[in-house]
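With PDB, C-alpha atoms inside, this is input_0.pdb:
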```
MODEL        1
ATOM      1  CA  MET A   1      25.344 -21.182 -40.195
ATOM      2  CA  LYS A   2      24.221 -24.549 -38.860
ATOM      3  CA  ASN A   3      26.600 -27.378 -37.947
ATOM      4  CA  LYS A   4      29.822 -25.646 -38.870
ATOM      5  CA  LYS A   5      32.926 -26.671 -36.981
ATOM      6  CA  PHE A   6      35.661 -24.203 -36.128
ATOM      7  CA  ALA A   7      39.224 -24.619 -34.934
ATOM      8  CA  ILE A   8      39.858 -21.880 -32.407
ATOM      9  CA  GLY A   9      43.357 -20.638 -31.643
ATOM     10  CA  LEU A  10      43.862 -18.639 -28.436
ATOM     11  CA  TYR A  11      46.728 -16.147 -28.233
ATOM     12  CA  ASP A  12      47.927 -14.216 -25.201
ATOM     13  CA  ASP A  13      49.759 -11.350 -26.975
ATOM     14  CA  GLU A  14      48.641  -9.059 -29.785
ATOM     15  CA  ASP A  15      52.032  -9.095 -31.543
ATOM     16  CA  VAL A  16      52.026 -12.892 -31.586
ATOM     17  CA  LEU A  17      48.432 -12.724 -32.879
ATOM     18  CA  LYS A  18      49.380 -10.462 -35.800
ATOM     19  CA  SER A  19      52.388 -12.566 -36.766
ATOM     20  CA  GLY A  20      50.290 -15.726 -36.360
ATOM     21  CA  ILE A  21      47.594 -14.392 -38.691
ATOM     22  CA  THR A  22      50.247 -13.542 -41.259
ATOM     23  CA  SER A  23      51.809 -17.021 -41.060
ATOM     24  CA  ILE A  24      48.408 -18.731 -41.310
ATOM     25  CA  GLN A  25      47.449 -16.663 -44.363
ATOM     26  CA  ASN A  26      50.850 -17.259 -45.972
ATOM     27  CA  LYS A  27      50.148 -21.016 -45.795
ATOM     28  CA  GLY A  28      46.958 -20.416 -47.807
ATOM     29  CA  GLN A  29      44.468 -21.028 -44.996
ATOM     30  CA  GLU A  30      41.409 -18.787 -44.899
ATOM     31  CA  ILE A  31      40.579 -17.299 -41.485
ATOM     32  CA  PHE A  32      36.888 -17.041 -40.597
ATOM     33  CA  ASP A  33      37.210 -14.254 -38.012
ATOM     34  CA  VAL A  34      39.394 -12.758 -35.285
ATOM     35  CA  TYR A  35      38.060 -11.733 -31.860
ATOM     36  CA  THR A  36      39.959  -9.438 -29.483
ATOM     37  CA  PRO A  37      39.184  -8.038 -26.031
ATOM     38  CA  TYR A  38      40.078  -4.517 -27.205
ATOM     39  CA  PRO A  39      40.824  -2.833 -30.540
ATOM     40  CA  VAL A  40      44.221  -3.903 -31.869
ATOM     41  CA  HIS A  41      45.976  -1.241 -33.923
ATOM     42  CA  GLY A  42      46.980  -2.540 -37.353
ATOM     43  CA  LEU A  43      44.907  -5.732 -37.198
ATOM     44  CA  GLU A  44      42.687  -4.618 -40.070
ATOM     45  CA  ASN A  45      45.767  -4.338 -42.306
ATOM     46  CA  VAL A  46      46.980  -7.838 -41.399
ATOM     47  CA  PHE A  47      43.590  -9.561 -41.448
ATOM     48  CA  PHE A  48      42.182  -7.676 -44.486
ATOM     49  CA  VAL A  49      38.868  -6.780 -42.861
ATOM     50  CA  PRO A  50      36.276  -6.091 -45.568
ATOM     51  CA  ARG A  51      34.607  -2.692 -45.626
ATOM     52  CA  SER A  52      31.346  -2.594 -43.677
ATOM     53  CA  ARG A  53      28.062  -2.430 -45.578
ATOM     54  CA  LEU A  54      26.377  -0.601 -42.699
ATOM     55  CA  PRO A  55      26.660   2.821 -44.466
ATOM     56  CA  ILE A  56      24.662   1.396 -47.386
ATOM     57  CA  ALA A  57      21.907   0.367 -44.967
ATOM     58  CA  ALA A  58      22.033   3.829 -43.389
ATOM     59  CA  PHE A  59      21.616   5.464 -46.793
ATOM     60  CA  CYS A  60      18.661   3.219 -47.680
ATOM     61  CA  PHE A  61      16.930   3.852 -44.350
ATOM     62  CA  GLY A  62      17.598   7.587 -44.707
ATOM     63  CA  CYS A  63      16.019   7.591 -48.170
ATOM     64  CA  LEU A  64      13.031   5.723 -46.749
ATOM     65  CA  GLY A  65      12.642   8.305 -43.974
ATOM     66  CA  LEU A  66      12.930  11.186 -46.444
ATOM     67  CA  SER A  67      10.355   9.625 -48.771
ATOM     68  CA  LEU A  68       7.885   8.869 -45.978
ATOM     69  CA  ALA A  69       8.204  12.371 -44.496
ATOM     70  CA  PHE A  70       7.690  14.034 -47.866
ATOM     71  CA  LEU A  71       4.760  11.743 -48.708
ATOM     72  CA  MET A  72       3.132  12.295 -45.310
ATOM     73  CA  MET A  73       3.385  16.076 -45.510
ATOM     74  CA  TRP A  74       2.209  16.154 -49.115
ATOM     75  CA  TYR A  75      -0.811  14.030 -48.207
ATOM     76  CA  MET A  76      -1.765  16.056 -45.134
ATOM     77  CA  ILE A  77      -1.161  19.563 -46.484
ATOM     78  CA  THR A  78      -1.915  19.261 -50.204
ATOM     79  CA  TYR A  79      -4.257  16.326 -50.749
ATOM     80  CA  ASP A  80      -6.214  15.560 -47.583
ATOM     81  CA  TRP A  81      -6.833  19.022 -46.117
ATOM     82  CA  PRO A  82      -5.705  21.806 -48.472
ATOM     83  CA  MET A  83      -5.932  25.274 -46.980
ATOM     84  CA  ASP A  84      -5.388  28.682 -48.502
ATOM     85  CA  ILE A  85      -3.303  30.540 -45.935
ATOM     86  CA  GLY A  86      -2.524  34.123 -46.951
ATOM     87  CA  GLY A  87      -2.252  33.266 -50.633
ATOM     88  CA  LYS A  88       0.727  30.951 -50.076
ATOM     89  CA  PRO A  89       1.108  27.913 -52.340
ATOM     90  CA  ASN A  90      -0.669  24.654 -51.514
ATOM     91  CA  PHE A  91       2.543  22.691 -51.905
ATOM     92  CA  PRO A  92       5.243  24.581 -49.887
ATOM     93  CA  VAL A  93       8.290  22.377 -50.543
ATOM     94  CA  VAL A  94      10.694  24.746 -48.748
ATOM     95  CA  SER A  95       8.665  24.355 -45.550
ATOM     96  CA  PHE A  96       9.095  20.570 -45.774
ATOM     97  CA  ILE A  97      12.914  20.670 -45.520
ATOM     98  CA  PRO A  98      13.331  20.665 -41.692
ATOM     99  CA  VAL A  99      10.842  17.841 -41.140
ATOM    100  CA  CYS A 100      12.294  15.794 -44.010
ATOM    101  CA  PHE A 101      15.792  16.220 -42.571
ATOM    102  CA  GLU A 102      14.675  15.094 -39.112
ATOM    103  CA  TRP A 103      12.893  12.012 -40.462
ATOM    104  CA  THR A 104      15.934  11.145 -42.571
ATOM    105  CA  VAL A 105      18.189  11.233 -39.519
ATOM    106  CA  LEU A 106      15.642   9.350 -37.384
ATOM    107  CA  PHE A 107      15.139   6.512 -39.865
ATOM    108  CA  ALA A 108      18.869   6.251 -40.684
ATOM    109  CA  SER A 109      19.899   5.999 -37.036
ATOM    110  CA  PHE A 110      17.205   3.546 -35.960
ATOM    111  CA  GLY A 111      17.648   1.513 -39.139
ATOM    112  CA  MET A 112      21.418   1.257 -38.597
ATOM    113  CA  GLY A 113      20.846   0.168 -35.017
ATOM    114  CA  PHE A 114      18.375  -2.539 -35.986
ATOM    115  CA  THR A 115      20.575  -3.690 -38.883
ATOM    116  CA  PHE A 116      23.627  -3.917 -36.611
ATOM    117  CA  PHE A 117      21.755  -6.009 -34.054
ATOM    118  CA  MET A 118      20.310  -8.311 -36.734
ATOM    119  CA  ALA A 119      23.660  -8.801 -38.494
ATOM    120  CA  ASN A 120      25.413  -9.680 -35.236
ATOM    121  CA  ARG A 121      22.567 -11.903 -34.018
ATOM    122  CA  LEU A 122      21.995  -9.763 -30.928
ATOM    123  CA  ILE A 123      18.223  -9.780 -31.198
ATOM    124  CA  PRO A 124      15.952 -11.324 -28.554
ATOM    125  CA  PHE A 125      15.489 -15.106 -28.658
ATOM    126  CA  SER A 126      18.695 -15.744 -30.581
ATOM    127  CA  THR A 127      21.973 -17.142 -29.351
ATOM    128  CA  PRO A 128      25.017 -15.017 -30.161
ATOM    129  CA  ARG A 129      28.031 -16.780 -31.659
ATOM    130  CA  ILE A 130      30.723 -16.652 -28.969
ATOM    131  CA  MET A 131      33.864 -18.533 -29.931
ATOM    132  CA  ASP A 132      35.475 -18.318 -26.484
ATOM    133  CA  GLU A 133      34.449 -16.450 -23.336
ATOM    134  CA  ARG A 134      38.024 -15.284 -22.728
ATOM    135  CA  ALA A 135      37.930 -13.176 -25.902
ATOM    136  CA  THR A 136      36.144 -10.546 -23.837
ATOM    137  CA  ASP A 137      38.743 -10.657 -21.058
ATOM    138  CA  ASP A 138      42.373 -11.431 -21.860
ATOM    139  CA  ARG A 139      42.703 -13.693 -24.910
ATOM    140  CA  PHE A 140      42.853 -13.103 -28.650
ATOM    141  CA  VAL A 141      40.898 -15.631 -30.704
ATOM    142  CA  VAL A 142      41.393 -16.760 -34.300
ATOM    143  CA  ALA A 143      38.612 -18.923 -35.751
ATOM    144  CA  ILE A 144      39.121 -21.113 -38.811
ATOM    145  CA  GLU A 145      36.370 -23.212 -40.344
ATOM    146  CA  VAL A 146      37.355 -26.891 -40.558
ATOM    147  CA  ASN A 147      35.946 -30.176 -41.820
ATOM    148  CA  GLU A 148      36.890 -33.805 -41.165
ATOM    149  CA  ASN A 149      39.614 -33.772 -43.835
ATOM    150  CA  ASN A 150      41.685 -30.824 -42.611
ATOM    151  CA  GLU A 151      40.969 -30.779 -38.861
ATOM    152  CA  SER A 152      44.388 -31.953 -37.610
ATOM    153  CA  SER A 153      46.408 -29.981 -40.171
ATOM    154  CA  VAL A 154      44.600 -26.742 -39.245
ATOM    155  CA  ALA A 155      45.206 -27.391 -35.541
ATOM    156  CA  ASP A 156      48.928 -27.946 -36.218
ATOM    157  CA  LEU A 157      49.047 -24.767 -38.311
ATOM    158  CA  ILE A 158      47.470 -22.769 -35.481
ATOM    159  CA  ARG A 159      49.914 -24.200 -32.928
ATOM    160  CA  GLN A 160      52.878 -23.380 -35.195
ATOM    161  CA  SER A 161      51.655 -19.792 -35.496
ATOM    162  CA  GLY A 162      52.115 -19.222 -31.763
ATOM    163  CA  ALA A 163      48.739 -20.063 -30.212
ATOM    164  CA  VAL A 164      48.819 -21.067 -26.560
ATOM    165  CA  GLU A 165      45.693 -23.213 -26.890
ATOM    166  CA  VAL A 166      43.695 -24.818 -29.693
ATOM    167  CA  LYS A 167      40.145 -26.109 -29.325
ATOM    168  CA  TYR A 168      37.132 -26.893 -31.478
ATOM    169  CA  LYS A 169      33.618 -25.503 -31.396
ATOM    170  CA  THR A 170      30.536 -26.352 -33.459
ATOM    171  CA  PHE A 171      27.712 -23.942 -34.241
TER
ENDMDL
END
```
Show me the file's structure as structure tokens.
Amino acid sequence: MKNKKFAIGLYDDEDVLKSGITSIQNKGQEIFDVYTPYPVHGLENVFFVPRSRLPIAAFCFGCLGLSLAFLMMWYMITYDWPMDIGGKPNFPVVSFIPVCFEWTVLFASFGMGFTFFMANRLIPFSTPRIMDERATDDRFVVAIEVNENNESSVADLIRQSGAVEVKYKTF
């Protein structure tokens, strides 16, 4: 996401924000993202937020943890150092269940955490994309990607939708 320019509309009320998003979308303009200082009830229905892919990452990391746990225990107990303990089988799969479960949960949780931080660019030595500092305090922000051709028309559209301020930011 290098050298993209955004028109940023700042709103001071969540009801005005929701009606503004609706009016912008009705004009056929695609909204890049919406930033709010707190969760706004019903915003996902107005803005059509896509379903998160984080559960897919969790499932993949969980499968990795399960596979590694099973492989590790198989290697240690069956292949590397097999022992005959009281005539029990060399490959006790039922005994593997608690450890496999714990590794599945461990890998899924850490993997989701790392994936979340990477997707939101919150890793060390990276600059997070902050459209406006007031989005964490008292303003609602709507960001629309613009180019030289539609810059003024997008700004007018944002103003007509009820924004109290319009500015531009390049990333």
Report the closest atom pair, with its distance in Å rounded to one decimal, for each residue of segment 23-49 of chain A that has an atom no farther than 7 Å from segment 139-163 of chain A; count all atoms listed in the file, sort by chain and then rising residue number, and write it as a tab-separated table.
```
residue	atom	partner	partner_atom	distance
A:Ser23	CA	A:Ser161	CA	6.2
A:Ile24	CA	A:Ser161	CA	6.7
A:Glu30	CA	A:Ile144	CA	6.9
A:Ile31	CA	A:Ile144	CA	4.9
A:Phe32	CA	A:Ile144	CA	5.0
A:Asp33	CA	A:Ala143	CA	5.4
A:Val34	CA	A:Val142	CA	4.6
A:Tyr35	CA	A:Val141	CA	5.0
A:Thr36	CA	A:Phe140	CA	4.7
A:Pro37	CA	A:Arg139	CA	6.8
```
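Relative to atom CA of Phe48 of chain A, atom CA of Gly28 of chain A is found at 14.0 Å.
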Segment 88-94 of chain A: which residues within 12 Å, counting all atoms listed in the file, same-chain residues fewer than 2 positions away excluded, as a compact mmCIF listing (two decimals) with C-alpha atoms, keeping the file's coordinate frame?
```txt
# COMPACT_ATOMS: atom_id res chain seq x y z
CA ALA A 69 8.20 12.37 -44.50
CA PHE A 70 7.69 14.03 -47.87
CA LEU A 71 4.76 11.74 -48.71
CA MET A 73 3.38 16.08 -45.51
CA TRP A 74 2.21 16.15 -49.12
CA TYR A 75 -0.81 14.03 -48.21
CA MET A 76 -1.76 16.06 -45.13
CA ILE A 77 -1.16 19.56 -46.48
CA THR A 78 -1.92 19.26 -50.20
CA TYR A 79 -4.26 16.33 -50.75
CA ASP A 80 -6.21 15.56 -47.58
CA TRP A 81 -6.83 19.02 -46.12
CA PRO A 82 -5.70 21.81 -48.47
CA MET A 83 -5.93 25.27 -46.98
CA ASP A 84 -5.39 28.68 -48.50
CA ILE A 85 -3.30 30.54 -45.94
CA GLY A 86 -2.52 34.12 -46.95
CA PHE A 96 9.10 20.57 -45.77
CA ILE A 97 12.91 20.67 -45.52
CA PRO A 98 13.33 20.66 -41.69
CA VAL A 99 10.84 17.84 -41.14
CA CYS A 100 12.29 15.79 -44.01
CA PHE A 101 15.79 16.22 -42.57
```
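For the choices A:Phe6, A:Tyr168, A:Phe59, A:Tyr38, the atom-to-atom distance to Thr104 of chain A is smallest for A:Phe59 when using all atoms listed in the file.
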**OP:** List the residues sitting within 7 Å of (45.4, -13.3, -25.8) in the file's frame, using all atoms listed in the file, as a list in words.
**Re:** Leu10, Tyr11, Asp12, Asp13, Glu14, Asp138, Arg139 and Phe140 of chain A
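Between atom CA of Val166 of chain A and atom CA of Gly9 of chain A there is a distance of 4.6 Å.
Residues matching the PyMOL selection byres ((chain A and resi 54) around 12) in this structure come to Pro50, Arg51, Ser52, Arg53, Pro55, Ile56, Ala57, Ala58, Phe59, Cys60, Phe61, Ala108, Ser109, Gly111, Met112, Gly113, Phe114, Thr115, Phe116, Phe117, Met118, Ala119 and Asn120 of chain A.
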Axis-aligned box over every listed atom of segment 15-22 of chain A, padded by 8 Å per side: centre and edges in Å to one decimal, as JSON?
```
{"center_x": 50.0, "center_y": -12.4, "center_z": -36.4, "size_x": 20.8, "size_y": 22.6, "size_z": 25.7}
```
Any chance you could model all heavy atoms for segment 49-60 of chain A and send them as a compact mmCIF listing (two decimals), keeping the file's coordinate frame?
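Output file part_21.txt is given in full below:
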```
# COMPACT_ATOMS: atom_id res chain seq x y z
N VAL A 49 40.27 -6.89 -43.24
CA VAL A 49 38.87 -6.78 -42.86
C VAL A 49 38.10 -6.11 -44.00
O VAL A 49 38.49 -5.03 -44.46
CB VAL A 49 38.72 -5.95 -41.56
CG1 VAL A 49 37.27 -5.81 -41.18
CG2 VAL A 49 39.50 -6.59 -40.44
N PRO A 50 37.04 -6.73 -44.48
CA PRO A 50 36.28 -6.09 -45.57
C PRO A 50 35.54 -4.85 -45.07
O PRO A 50 35.22 -4.73 -43.89
CB PRO A 50 35.28 -7.17 -46.00
CG PRO A 50 35.16 -8.06 -44.81
CD PRO A 50 36.47 -8.01 -44.10
N ARG A 51 35.31 -3.93 -45.97
CA ARG A 51 34.61 -2.69 -45.63
C ARG A 51 33.17 -3.03 -45.22
O ARG A 51 32.50 -3.84 -45.85
CB ARG A 51 34.62 -1.76 -46.82
CG ARG A 51 34.05 -0.41 -46.55
CD ARG A 51 34.22 0.47 -47.78
NE ARG A 51 33.46 1.68 -47.64
CZ ARG A 51 33.93 2.80 -47.12
NH1 ARG A 51 35.17 2.83 -46.70
NH2 ARG A 51 33.17 3.87 -47.04
N SER A 52 32.69 -2.36 -44.19
CA SER A 52 31.35 -2.59 -43.68
C SER A 52 30.29 -2.12 -44.67
O SER A 52 30.47 -1.10 -45.35
CB SER A 52 31.16 -1.86 -42.35
OG SER A 52 29.84 -1.96 -41.90
N ARG A 53 29.18 -2.84 -44.72
CA ARG A 53 28.06 -2.43 -45.58
C ARG A 53 27.01 -1.66 -44.79
O ARG A 53 25.95 -1.35 -45.30
CB ARG A 53 27.45 -3.66 -46.22
CG ARG A 53 28.41 -4.34 -47.19
CD ARG A 53 27.75 -5.48 -47.91
NE ARG A 53 27.16 -6.42 -46.96
CZ ARG A 53 27.38 -7.72 -46.95
NH1 ARG A 53 28.19 -8.23 -47.81
NH2 ARG A 53 26.80 -8.50 -46.07
N LEU A 54 27.31 -1.34 -43.54
CA LEU A 54 26.38 -0.60 -42.70
C LEU A 54 26.06 0.80 -43.25
O LEU A 54 24.91 1.23 -43.17
CB LEU A 54 26.92 -0.51 -41.28
CG LEU A 54 25.93 -0.21 -40.17
CD1 LEU A 54 24.78 -1.21 -40.17
CD2 LEU A 54 26.62 -0.20 -38.83
N PRO A 55 27.02 1.53 -43.87
CA PRO A 55 26.66 2.82 -44.47
C PRO A 55 25.63 2.70 -45.60
O PRO A 55 24.82 3.61 -45.80
CB PRO A 55 27.98 3.36 -44.99
CG PRO A 55 29.02 2.69 -44.17
CD PRO A 55 28.47 1.34 -43.84
N ILE A 56 25.66 1.59 -46.32
CA ILE A 56 24.66 1.40 -47.39
C ILE A 56 23.28 1.25 -46.77
O ILE A 56 22.30 1.83 -47.26
CB ILE A 56 25.03 0.16 -48.24
CG1 ILE A 56 26.36 0.39 -48.94
CG2 ILE A 56 23.93 -0.15 -49.25
CD1 ILE A 56 26.94 -0.84 -49.59
N ALA A 57 23.19 0.50 -45.67
CA ALA A 57 21.91 0.37 -44.97
C ALA A 57 21.45 1.71 -44.43
O ALA A 57 20.26 2.05 -44.50
CB ALA A 57 22.04 -0.65 -43.83
N ALA A 58 22.38 2.50 -43.91
CA ALA A 58 22.03 3.83 -43.39
C ALA A 58 21.47 4.71 -44.50
O ALA A 58 20.48 5.42 -44.30
CB ALA A 58 23.25 4.49 -42.76
N PHE A 59 22.10 4.67 -45.67
CA PHE A 59 21.62 5.46 -46.79
C PHE A 59 20.21 5.03 -47.21
O PHE A 59 19.33 5.86 -47.46
CB PHE A 59 22.58 5.35 -47.98
CG PHE A 59 22.14 6.11 -49.19
CD1 PHE A 59 22.26 7.48 -49.23
CD2 PHE A 59 21.59 5.45 -50.28
CE1 PHE A 59 21.83 8.19 -50.34
CE2 PHE A 59 21.17 6.14 -51.38
CZ PHE A 59 21.29 7.53 -51.42
N CYS A 60 19.98 3.72 -47.29
CA CYS A 60 18.66 3.22 -47.68
C CYS A 60 17.59 3.60 -46.66
O CYS A 60 16.49 4.04 -47.04
CB CYS A 60 18.71 1.70 -47.87
SG CYS A 60 19.71 1.17 -49.25
```
